[in-house]
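work-v2.txt, holding compact mmCIF, C-alpha atoms:
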# COMPACT_ATOMS: atom_id res chain seq x y z
CA MET A 12 0.00 0.00 0.00
CA ASN A 13 1.42 3.41 -0.88
CA ILE A 14 0.74 6.55 1.16
CA LEU A 15 -2.20 7.53 -1.09
CA GLU A 16 -3.99 4.25 -0.36
CA GLU A 17 -3.02 4.45 3.32
CA LEU A 18 -4.51 7.94 3.66
CA THR A 19 -7.68 6.86 1.84
CA GLU A 20 -7.93 3.89 4.22
CA SER A 21 -7.53 6.17 7.28
CA LEU A 22 -10.20 8.54 5.96
CA SER A 23 -12.66 5.74 5.24
CA ARG A 24 -12.60 4.79 8.94
CA LEU A 25 -14.19 8.13 9.85
CA PRO A 26 -17.93 7.99 10.61
CA GLY A 27 -20.10 8.71 7.56
CA ILE A 28 -17.21 8.42 5.08
CA GLY A 29 -17.19 5.52 2.62
CA LYS A 30 -14.57 4.42 0.12
CA LYS A 31 -15.66 6.84 -2.62
CA SER A 32 -15.81 9.90 -0.35
CA ALA A 33 -12.44 8.94 1.14
CA SER A 34 -10.74 8.89 -2.25
CA ARG A 35 -12.43 12.17 -3.21
CA ILE A 36 -11.07 13.73 0.00
CA THR A 37 -7.60 12.30 -0.72
CA SER A 38 -7.62 14.03 -4.14
CA PHE A 39 -8.70 17.25 -2.47
CA LEU A 40 -5.90 16.98 0.12
CA LEU A 41 -3.27 16.43 -2.58
CA ARG A 42 -4.09 19.86 -3.99
CA ALA A 43 -4.91 21.67 -0.73
CA ASP A 44 -3.03 24.66 0.68
CA PRO A 45 0.18 23.36 2.37
CA ALA A 46 -0.35 25.63 5.40
CA TYR A 47 -3.80 24.09 5.90
CA MET A 48 -2.30 20.60 5.62
CA GLN A 49 0.29 21.36 8.30
CA ARG A 50 -2.35 22.78 10.64
CA PHE A 51 -4.71 19.86 10.02
CA SER A 52 -1.98 17.28 10.65
CA ARG A 53 -0.91 19.02 13.88
CA GLN A 54 -4.50 19.24 15.13
CA ILE A 55 -4.98 15.49 14.66
CA ALA A 56 -1.64 14.75 16.34
CA GLN A 57 -2.43 16.91 19.39
CA ILE A 58 -6.19 16.68 19.92
CA GLN A 59 -6.15 13.66 22.23
CA GLU A 60 -3.39 14.99 24.47
CA LYS A 61 -4.78 18.54 24.66
CA ILE A 62 -8.46 17.79 25.21
CA ARG A 63 -9.61 16.31 28.54
CA PRO A 64 -13.02 15.97 30.19
CA CYS A 65 -13.69 18.84 32.63
CA SER A 66 -13.45 17.52 36.20
CA VAL A 67 -16.58 19.43 37.19
CA CYS A 68 -19.06 18.95 34.33
CA GLY A 69 -17.41 16.35 32.07
CA ALA A 70 -17.43 18.49 28.89
CA TYR A 71 -14.42 18.41 26.55
CA THR A 72 -11.93 21.13 27.43
CA GLU A 73 -8.33 22.28 27.06
CA ASN A 74 -8.28 23.81 30.57
CA ASP A 75 -9.69 22.26 33.73
CA PRO A 76 -12.24 23.39 34.89
CA CYS A 77 -13.74 24.22 31.48
CA PRO A 78 -14.48 27.82 30.43
CA ILE A 79 -18.20 27.33 31.14
CA CYS A 80 -17.73 26.00 34.71
CA ASP A 81 -15.11 28.69 35.27
CA SER A 82 -17.10 31.65 33.89
CA PRO A 83 -18.37 34.20 36.43
CA SER A 84 -21.11 35.29 34.00
CA ARG A 85 -22.96 31.96 33.77
CA ASP A 86 -26.12 31.33 35.77
CA ARG A 87 -24.89 28.94 38.50
CA SER A 88 -28.39 28.02 39.68
CA THR A 89 -29.33 26.02 36.56
CA LEU A 90 -27.83 22.71 35.52
CA CYS A 91 -28.41 21.18 32.08
CA VAL A 92 -27.89 17.39 32.05
CA VAL A 93 -26.74 15.91 28.70
CA GLU A 94 -25.69 12.50 27.48
CA GLN A 95 -22.34 13.20 25.80
CA PRO A 96 -19.67 15.93 25.82
CA GLN A 97 -20.53 17.04 22.26
CA ASP A 98 -24.12 17.78 23.38
CA VAL A 99 -22.68 20.73 25.36
CA GLN A 100 -21.51 22.36 22.10
CA THR A 101 -24.88 21.65 20.44
CA ILE A 102 -26.78 23.39 23.24
CA GLU A 103 -24.26 26.24 23.40
CA ALA A 104 -24.79 26.80 19.67
CA SER A 105 -28.50 27.55 20.31
CA ARG A 106 -27.39 30.62 22.37
CA GLU A 107 -30.50 30.12 24.50
CA TYR A 108 -28.88 28.67 27.62
CA THR A 109 -26.72 30.52 30.14
CA GLY A 110 -26.45 27.97 32.99
CA LEU A 111 -24.00 25.17 33.75
CA PHE A 112 -23.78 21.63 32.36
CA HIS A 113 -23.46 18.08 33.59
CA VAL A 114 -22.37 15.32 31.18
CA LEU A 115 -23.66 11.83 32.05
CA GLY A 116 -21.26 9.96 29.78
CA GLY A 117 -24.05 7.79 28.35
CA LEU A 118 -27.63 6.71 28.98
CA ILE A 119 -29.13 3.90 31.04
CA ALA A 120 -29.37 0.92 28.69
CA PRO A 121 -29.89 -2.37 30.59
CA LEU A 122 -29.65 -4.46 27.39
CA GLU A 123 -26.15 -3.10 26.78
CA GLY A 124 -25.26 -3.56 30.44
CA ILE A 125 -25.14 0.18 31.16
CA GLY A 126 -26.69 0.96 34.54
CA PRO A 127 -26.80 4.18 36.60
CA ASP A 128 -23.45 3.27 38.21
CA ASN A 129 -21.68 3.45 34.83
CA LEU A 130 -22.79 7.07 34.43
CA SER A 131 -21.91 10.19 36.41
CA ILE A 132 -25.36 10.23 38.07
CA GLY A 133 -23.93 9.95 41.60
CA ARG A 134 -21.79 13.02 40.96
CA LEU A 135 -24.84 14.84 39.60
CA VAL A 136 -26.76 14.15 42.83
CA SER A 137 -23.87 15.41 44.97
CA ARG A 138 -23.60 18.56 42.83
CA VAL A 139 -27.30 19.21 43.39
CA LYS A 140 -27.13 18.39 47.10
CA SER A 141 -24.13 20.66 47.64
CA GLY A 142 -26.61 23.52 47.13
CA GLY A 143 -27.03 26.63 45.00
CA ILE A 144 -28.92 24.85 42.21
CA SER A 145 -32.60 25.65 41.72
CA GLU A 146 -33.35 23.85 38.44
CA VAL A 147 -32.07 20.76 36.66
CA ILE A 148 -32.95 20.56 32.95
CA LEU A 149 -32.84 16.99 31.63
CA ALA A 150 -31.66 17.35 28.02
CA THR A 151 -31.17 13.71 27.08
CA ASN A 152 -32.43 12.66 23.63
CA PRO A 153 -36.18 12.00 23.23
CA THR A 154 -35.57 8.25 22.81
CA VAL A 155 -36.44 5.25 25.01
CA GLU A 156 -33.01 5.36 26.71
CA GLY A 157 -33.07 9.16 27.01
CA ASP A 158 -36.56 9.16 28.53
CA THR A 159 -35.70 6.28 30.91
CA THR A 160 -32.56 8.05 32.12
CA ALA A 161 -34.44 11.33 32.57
CA LEU A 162 -37.17 9.59 34.59
CA TYR A 163 -34.58 7.83 36.76
CA ILE A 164 -32.79 11.11 37.56
CA GLN A 165 -36.10 12.91 38.17
CA ARG A 166 -37.00 10.31 40.81
CA LEU A 167 -33.57 10.52 42.45
CA LEU A 168 -33.89 14.29 42.75
CA SER A 169 -37.59 14.36 43.73
CA GLY A 170 -36.87 14.87 47.45
CA THR A 171 -34.39 17.73 47.01
CA GLY A 172 -36.91 20.52 46.28
CA VAL A 173 -35.05 21.39 43.09
CA ARG A 174 -37.21 21.95 39.99
CA VAL A 175 -36.56 19.16 37.48
CA SER A 176 -37.58 19.88 33.87
CA ARG A 177 -37.26 18.13 30.51
CA LEU A 178 -36.64 19.64 27.02
CA ALA A 179 -39.92 20.10 25.15
CA SER A 180 -40.65 17.44 22.56
CA GLY A 181 -42.78 18.19 19.49
CA LEU A 182 -42.71 19.31 15.89
CA PRO A 183 -39.34 20.60 14.65
CA VAL A 184 -39.41 24.25 13.60
CA GLY A 185 -39.88 24.48 9.84
CA GLY A 186 -41.24 20.92 9.80
CA ASP A 187 -44.46 19.68 8.28
CA LEU A 188 -47.40 18.01 10.09
CA GLU A 189 -47.63 15.57 7.19
CA TYR A 190 -44.12 14.24 7.82
CA ALA A 191 -44.30 14.09 11.63
CA ASP A 192 -44.38 10.56 13.05
CA ARG A 193 -47.26 9.45 15.27
CA LEU A 194 -45.30 9.65 18.53
CA THR A 195 -43.94 13.14 17.86
CA LEU A 196 -47.40 14.35 16.94
CA ALA A 197 -48.86 12.78 20.11
CA ARG A 198 -46.20 14.48 22.26
CA SER A 199 -46.72 17.83 20.58
CA LEU A 200 -50.45 17.55 21.34
CA ARG A 201 -49.89 16.53 24.94
CA GLY A 202 -47.38 19.37 25.39
CA ARG A 203 -49.48 21.99 23.57
CA VAL A 204 -48.91 25.57 24.67
CA THR A 205 -51.67 28.11 25.44
CA LEU A 206 -51.29 31.23 23.28
CA MET B 22 -10.95 29.09 19.11
CA ASN B 23 -9.66 26.04 21.00
CA ILE B 24 -8.13 23.02 19.27
CA LEU B 25 -11.50 21.20 19.19
CA GLU B 26 -13.10 24.02 17.22
CA GLU B 27 -10.01 24.35 15.03
CA LEU B 28 -10.07 20.65 14.12
CA THR B 29 -13.82 20.82 13.40
CA GLU B 30 -13.19 23.82 11.18
CA SER B 31 -10.41 21.98 9.28
CA LEU B 32 -12.64 18.94 8.81
CA SER B 33 -15.56 21.01 7.54
CA ARG B 34 -13.38 22.26 4.66
CA LEU B 35 -13.18 18.73 3.24
CA PRO B 36 -15.47 18.08 0.27
CA GLY B 37 -18.84 16.59 1.26
CA ILE B 38 -18.37 17.33 4.98
CA GLY B 39 -20.60 19.91 6.63
CA LYS B 40 -20.50 21.39 10.12
CA LYS B 41 -22.50 18.57 11.74
CA SER B 42 -20.47 15.77 10.16
CA ALA B 43 -17.27 17.62 11.09
CA SER B 44 -18.19 17.77 14.77
CA ARG B 45 -19.28 14.12 14.70
CA ILE B 46 -15.87 13.21 13.24
CA THR B 47 -14.10 15.34 15.89
CA SER B 48 -15.89 13.37 18.64
CA PHE B 49 -14.88 10.13 16.93
CA LEU B 50 -11.24 11.28 16.72
CA LEU B 51 -11.16 12.18 20.42
CA ARG B 52 -11.87 8.55 21.27
CA ALA B 53 -9.97 6.90 18.41
CA ASP B 54 -7.00 4.55 18.78
CA PRO B 55 -3.88 6.72 19.43
CA ALA B 56 -1.79 4.64 16.98
CA TYR B 57 -4.35 5.38 14.25
CA MET B 58 -4.25 9.09 15.14
CA GLN B 59 -0.44 9.17 14.78
CA ARG B 60 -0.58 7.38 11.43
CA PHE B 61 -3.40 9.62 10.16
CA SER B 62 -1.57 12.80 11.19
CA ARG B 63 1.68 11.65 9.55
CA GLN B 64 -0.12 10.69 6.31
CA ILE B 65 -1.63 14.18 6.06
CA ALA B 66 1.72 15.81 6.83
CA GLN B 67 3.57 13.80 4.17
CA ILE B 68 1.10 13.20 1.35
CA GLN B 69 1.91 16.33 -0.64
CA GLU B 70 5.66 15.89 -0.47
CA LYS B 71 5.61 12.13 -1.22
CA ILE B 72 3.09 12.06 -4.05
CA ARG B 73 4.03 13.51 -7.45
CA PRO B 74 2.52 13.22 -10.93
CA CYS B 75 4.24 10.52 -12.99
CA SER B 76 6.41 12.21 -15.65
CA VAL B 77 5.21 9.72 -18.27
CA CYS B 78 1.45 9.33 -17.74
CA GLY B 79 0.59 12.02 -15.15
CA ALA B 80 -0.95 9.65 -12.56
CA TYR B 81 -0.27 10.20 -8.84
CA THR B 82 2.76 8.21 -7.71
CA GLU B 83 5.43 7.88 -5.02
CA ASN B 84 8.06 6.75 -7.54
CA ASP B 85 8.68 8.24 -10.97
CA PRO B 86 7.83 6.67 -13.40
CA CYS B 87 4.77 5.21 -11.72
CA PRO B 88 4.40 1.45 -11.11
CA ILE B 89 2.03 1.12 -14.08
CA CYS B 90 4.36 2.88 -16.59
CA ASP B 91 7.26 0.91 -15.12
CA SER B 92 5.63 -2.52 -15.12
CA PRO B 93 6.94 -5.06 -17.67
CA SER B 94 3.65 -6.99 -17.49
CA ARG B 95 1.36 -4.20 -18.79
CA ASP B 96 0.19 -4.13 -22.41
CA ARG B 97 2.28 -1.28 -23.88
CA SER B 98 0.27 -1.08 -27.09
CA THR B 99 -2.91 0.33 -25.46
CA LEU B 100 -3.27 3.80 -23.98
CA CYS B 101 -6.26 4.81 -21.85
CA VAL B 102 -6.82 8.60 -21.79
CA VAL B 103 -8.47 9.99 -18.62
CA GLU B 104 -9.31 13.41 -17.28
CA GLN B 105 -7.77 13.35 -13.79
CA PRO B 106 -5.16 11.32 -11.87
CA GLN B 107 -7.81 9.69 -9.63
CA ASP B 108 -9.54 8.26 -12.72
CA VAL B 109 -6.52 5.94 -13.08
CA GLN B 110 -7.35 4.32 -9.73
CA THR B 111 -11.05 4.04 -10.67
CA ILE B 112 -10.22 2.19 -13.89
CA GLU B 113 -7.59 0.04 -12.18
CA ALA B 114 -10.25 -0.98 -9.62
CA SER B 115 -12.36 -2.49 -12.45
CA ARG B 116 -9.50 -5.00 -13.08
CA GLU B 117 -10.51 -5.07 -16.73
CA TYR B 118 -7.67 -2.98 -18.19
CA THR B 119 -4.05 -4.04 -18.58
CA GLY B 120 -2.63 -1.23 -20.76
CA LEU B 121 -1.03 2.12 -19.97
CA PHE B 122 -2.61 5.48 -19.06
CA HIS B 123 -2.44 9.11 -20.07
CA VAL B 124 -3.83 11.81 -17.74
CA LEU B 125 -5.05 14.97 -19.50
CA GLY B 126 -5.22 17.11 -16.37
CA GLY B 127 -8.69 18.43 -17.24
CA LEU B 128 -11.15 18.71 -20.12
CA ILE B 129 -11.60 21.26 -22.88
CA ALA B 130 -14.01 23.89 -21.47
CA PRO B 131 -13.94 27.13 -23.48
CA LEU B 132 -16.32 28.89 -21.07
CA GLU B 133 -13.84 28.32 -18.24
CA GLY B 134 -10.97 29.32 -20.49
CA ILE B 135 -9.52 25.81 -20.68
CA GLY B 136 -8.29 25.03 -24.18
CA PRO B 137 -6.28 22.09 -25.58
CA ASP B 138 -3.02 23.90 -24.74
CA ASN B 139 -3.84 23.81 -21.01
CA LEU B 140 -4.04 20.01 -21.12
CA SER B 141 -1.38 17.39 -21.83
CA ILE B 142 -2.82 16.71 -25.30
CA GLY B 143 0.42 17.64 -27.09
CA ARG B 144 2.31 15.11 -24.98
CA LEU B 145 -0.35 12.49 -25.78
CA VAL B 146 0.15 13.04 -29.52
CA SER B 147 3.93 12.69 -29.20
CA ARG B 148 3.51 9.50 -27.13
CA VAL B 149 1.33 8.06 -29.89
CA LYS B 150 3.63 9.24 -32.68
CA SER B 151 6.73 7.80 -30.99
CA GLY B 152 5.25 4.41 -31.96
CA GLY B 153 4.33 1.10 -30.38
CA ILE B 154 0.76 2.10 -29.60
CA SER B 155 -2.05 0.44 -31.54
CA GLU B 156 -5.13 1.68 -29.64
CA VAL B 157 -6.09 4.82 -27.72
CA ILE B 158 -9.17 4.43 -25.48
CA LEU B 159 -10.78 7.79 -24.68
CA ALA B 160 -12.15 7.36 -21.14
CA THR B 161 -13.28 10.92 -20.39
CA ASN B 162 -16.68 11.30 -18.66
CA PRO B 163 -19.81 11.02 -20.85
CA THR B 164 -20.53 14.76 -20.41
CA VAL B 165 -20.48 17.65 -22.88
CA GLU B 166 -16.86 18.53 -21.96
CA GLY B 167 -15.80 14.87 -21.92
CA ASP B 168 -17.36 14.23 -25.33
CA THR B 169 -15.90 17.41 -26.82
CA THR B 170 -12.41 16.56 -25.57
CA ALA B 171 -12.70 12.99 -26.87
CA LEU B 172 -13.83 14.24 -30.30
CA TYR B 173 -10.96 16.75 -30.41
CA ILE B 174 -8.36 14.08 -29.63
CA GLN B 175 -9.93 11.62 -32.06
CA ARG B 176 -9.53 14.17 -34.89
CA LEU B 177 -5.92 14.93 -33.91
CA LEU B 178 -5.06 11.24 -34.04
CA SER B 179 -7.10 10.41 -37.14
CA GLY B 180 -4.08 10.43 -39.48
CA THR B 181 -1.87 8.21 -37.34
CA GLY B 182 -3.50 4.85 -38.19
CA VAL B 183 -3.98 4.13 -34.48
CA ARG B 184 -7.41 2.78 -33.48
CA VAL B 185 -9.21 5.39 -31.37
CA SER B 186 -12.11 4.10 -29.20
CA ARG B 187 -14.45 5.54 -26.57
CA LEU B 188 -15.86 3.90 -23.42
CA ALA B 189 -19.35 2.49 -24.08
CA SER B 190 -22.19 4.63 -22.84
CA GLY B 191 -25.53 3.10 -21.82
CA LEU B 192 -27.53 1.65 -18.97
CA PRO B 193 -25.58 1.08 -15.74
CA VAL B 194 -25.42 -2.59 -14.70
CA GLY B 195 -28.15 -3.28 -12.14
CA GLY B 196 -30.01 -0.17 -13.32
CA ASP B 197 -33.63 0.11 -14.38
CA LEU B 198 -34.99 1.21 -17.78
CA GLU B 199 -37.62 3.22 -15.93
CA TYR B 200 -35.01 5.40 -14.24
CA ALA B 201 -32.71 5.90 -17.23
CA ASP B 202 -32.71 9.44 -18.64
CA ARG B 203 -33.61 10.04 -22.28
CA LEU B 204 -30.02 10.64 -23.45
CA THR B 205 -28.63 7.54 -21.75
CA LEU B 206 -31.44 5.45 -23.23
CA ALA B 207 -30.81 6.95 -26.69
CA ARG B 208 -27.09 6.16 -26.43
CA SER B 209 -27.75 2.62 -25.25
CA LEU B 210 -30.01 2.07 -28.27
CA ARG B 211 -27.50 3.56 -30.70
CA GLY B 212 -24.73 1.46 -29.18
CA ARG B 213 -26.78 -1.76 -28.98
CA VAL B 214 -24.79 -4.98 -29.16
CA THR B 215 -25.67 -8.02 -31.33
CA LEU B 216 -26.03 -11.16 -29.21
Turn this file's structure into structure tokens for me.
Amino acid sequence: MNILEELTESLSRLPGIGKKSASRITSFLLRADPAYMQRFSRQIAQIQEKIRPCSVCGAYTENDPCPICDSPSRDRSTLCVVEQPQDVQTIEASREYTGLFHVLGGLIAPLEGIGPDNLSIGRLVSRVKSGGISEVILATNPTVEGDTTALYIQRLLSGTGVRVSRLASGLPVGGDLEYADRLTLARSLRGRVTL
Amino acid sequence: MNILEELTESLSRLPGIGKKSASRITSFLLRADPAYMQRFSRQIAQIQEKIRPCSVCGAYTENDPCPICDSPSRDRSTLCVVEQPQDVQTIEASREYTGLFHVLGGLIAPLEGIGPDNLSIGRLVSRVKSGGISEVILATNPTVEGDTTALYIQRLLSGTGVRVSRLASGLPVGGDLEYADRLTLARSLRGRVTL
């Protein structure tokens, strides 16, 4: 295998990239700006050593604690609970949330052998119990595992007096009633909002 | 911008990769095998310096002349003319062709200011005229530019006594008459084969 084939092989291991896309990307890289190539190569070489999970919230970060946990301007009374570190960036991109985060590191999935003890749920409870938090927003995906995990955490926190909420589920903005599945439509009815 | 955002930005410049795919790939890379990451980074750093166009045929290669031009077992009397270096790999992957290649480096496209002089057509003619070649297969894409370029080369070579052929155009194998466009269907009728 020469370096062209090796690079194509490496690229085709990336999620969502097949053999054809990989060889198209290889052709692109052969003609790309050399400065970009140097930067790109260095980023791949360093990403794993530079990025660590934040010891407070579990989000990916270069500095510990992460800029969000460390920021004096964030609302420290609200905690948004997400499944994975990349969910933090997704929610940050909405520019709607100003509180803190807590990354679970997965969802409860008994069939895959993942129970509450494999997630950072214990640490979440101690964060809440250590005080100062008035609301916990459960932002796990609206799937069976996401709902189960949210319900489990809601029960754990039910005695603490903290408000526990869940992201609204319903029709996506810009979507079409005709293309909504039955369950989404049912949830959007149940969660209808008075105007 | 931290290194996570920088890597996502670099990834989103690749063809066919948007912002969402880029951040999914970044998450994948954070958890990937460190040995793979080292290899991948090195391949990107070295690809441009290691890979050159072959001085004979123009295909991408680590050694000059390329393994195909250099191989004693290839049929030296047939020349397959393609648009870009990556087309060589595509045709090699079919395992149907045993001759040599010639990469044009583009197609004639007057509207984009690309004329015959911007391509390696002159070098193709001298390769043919230097003797030993009995057939030139024009394997440019079945598009307006590909057809124009093929026609242009065919006329240039018409006095040389060399057989000039074109890849067959018609229904793709496994395709469906119903989904074939009018032009493809017309070509497949015109090019019908006696059984």
For this session: Find the residues of chain A in contact range of chain B, meaning any atom within 10 Å when counting all atoms listed in the file, and list them as a ChimeraX atom specification.
Result: /A:13-22,24-28,31-45,47-63,71-74,95-97,100-101
Exercise. Hey, can you check how far CA of Gly126 in chain B sits from CA of Asp168 in chain B?
Worked result: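 Distance between the two atoms: 15.4 Å.
The neighbours of Val139 in chain A here are the residues that come within 9 Å of it, using all atoms listed in the file and leaving out any residue fewer than 4 positions away in the same chain; they are Leu90, Arg134, Leu135, Gly143, Ile144, Ser145, Val147, Leu168, Thr171 and Val173 of chain A.
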Exercise. Quick one: distance from CA of Gly157 in chain A to CA of Ile125 in chain A in Å, one decimal?
Worked result: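 For CA of Gly157 in chain A relative to CA of Ile125 in chain A, the distance reads 12.7 Å.
Between CA of Ser66 in chain A and CA of Asp98 in chain A the separation is 16.7 Å.
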Selection near Gly110 in chain A, 7 Å with all atoms listed in the file, sequence-local residues under 6 positions removed, as a CSV table (one decimal) with C-alpha atoms, in the coordinates of the input:
chain,number,residue,atom,x,y,z
A,85,ARG,CA,-23.0,32.0,33.8
A,86,ASP,CA,-26.1,31.3,35.8
A,87,ARG,CA,-24.9,28.9,38.5
A,88,SER,CA,-28.4,28.0,39.7
A,89,THR,CA,-29.3,26.0,36.6
A,90,LEU,CA,-27.8,22.7,35.5
